[in-house]
Amino acid sequence: MIMLKRTIAVVTTAGLFALAGVTGAQAAESTTPVVKKVALTPEQKAAFEAAKAAHKAAHVARQSAVASAKPAIASARATFQAARSGATTPEAKKAARDAFKAAVATARAGIPAKPVKPVRP
C-alpha cells in the first residue's frame, strides 16, 4: 500500500513538472511587441527635462514638509498621552483625543500632495 502511494505521488509530481515545463516553454516562445524608442525633438526634450526638474523640486519640498511635520506630530502625541493619562472622565479623554486630532490635521495640512512623475513623450 505504501509503495502504491509513493508511486502515485511520484507520477503526479512528474506530471506537474512536465506541465510546468510545457507552460514555461510556451511563455518563453510568445513574442512581445517591440516598442521602438523614437528620438525626441529638442522642444520635447527641453519640456521633459523641465518637467523632471519640477517633479524633483516638488518631491524635495514634500519631503522637507513631512520632515518638519514629524516633530509637531510627536509633540502633539506626547501632549495627548499626558492629557489622557491625567484625565479622569471619558469627556476629558475625548477632549484630549479631539485636540490631538486637530493638531495632527493642522500639521498634515502643510504637507503638499505627492507629485506626479512626468511621462516621457
# chains A, B, ... in the order shown; residues from 1 in each chain; ligands from 1
call {"tool": "residues_around", "arguments": {"residues": "Ala96 in chain A", "least_positions_apart": "3", "cutoff": "12 Å", "atoms": "only C-alpha atoms", "output": "list in words"}}
result
Ala76, Arg77, Ala78, Thr79, Phe80, Gln81, Ala82, Ala83, Arg84, Ser85, Gly86, Ala87, Thr88, Thr89, Pro90, Glu91, Ala92, Lys93, Ala99, Phe100, Lys101, Ala102 and Ala103 of chain A
call {"tool": "select_by_dssp", "arguments": {"residues": "chain A", "states": "alpha helix (DSSP H)", "output": "PyMOL selection string"}}
result
chain A and resi 2-29+42-86+90-109
call {"tool": "residues_around", "arguments": {"residues": "range 67-71 of chain A", "least_positions_apart": "4", "cutoff": "10 Å", "atoms": "only C-alpha atoms", "output": "ChimeraX atom specification"}}
result
/A:61-63,75-77,104,106-111
call {"tool": "write_last_selection", "arguments": {"atoms": "C-alpha atoms", "output": "PDB file, in the first residue's frame"}}
result
ATOM      1  CA  ALA A  61       9.564  70.202  -0.996  1.00  0.00           C
ATOM      2  CA  ARG A  62       7.186  67.452   0.086  1.00  0.00           C
ATOM      3  CA  GLN A  63       9.932  65.515   1.858  1.00  0.00           C
ATOM      4  CA  SER A  75       4.841  66.794  20.347  1.00  0.00           C
ATOM      5  CA  ALA A  76       1.080  66.562  19.901  1.00  0.00           C
ATOM      6  CA  ARG A  77       1.216  62.828  20.645  1.00  0.00           C
ATOM      7  CA  VAL A 104      -2.277  66.355  13.567  1.00  0.00           C
ATOM      8  CA  THR A 106      -3.038  71.113  11.186  1.00  0.00           C
ATOM      9  CA  ALA A 107       0.420  69.566  10.777  1.00  0.00           C
ATOM     10  CA  ARG A 108      -0.706  67.464   7.811  1.00  0.00           C
ATOM     11  CA  ALA A 109      -2.361  70.418   6.123  1.00  0.00           C
ATOM     12  CA  GLY A 110       1.086  71.856   5.430  1.00  0.00           C
ATOM     13  CA  ILE A 111       2.199  68.755   3.529  1.00  0.00           C
TER      14      ILE A 111
END
call {"tool": "closest_residue", "arguments": {"among": "A:Met1, A:Ile8, A:Ala47, A:Ala74", "to": "Pro118 in chain A", "atoms": "only C-alpha atoms"}}
result
A:Ala47
call {"tool": "atom_distance", "arguments": {"atom1": "CA of Leu40 in chain A", "atom2": "CA of Pro115 in chain A"}}
result
23.6 Å
call {"tool": "closest_residue", "arguments": {"among": "A:Ala105, A:Met3, A:Val34, A:Ala95", "to": "Ala72 in chain A", "atoms": "only C-alpha atoms"}}
result
A:Ala105
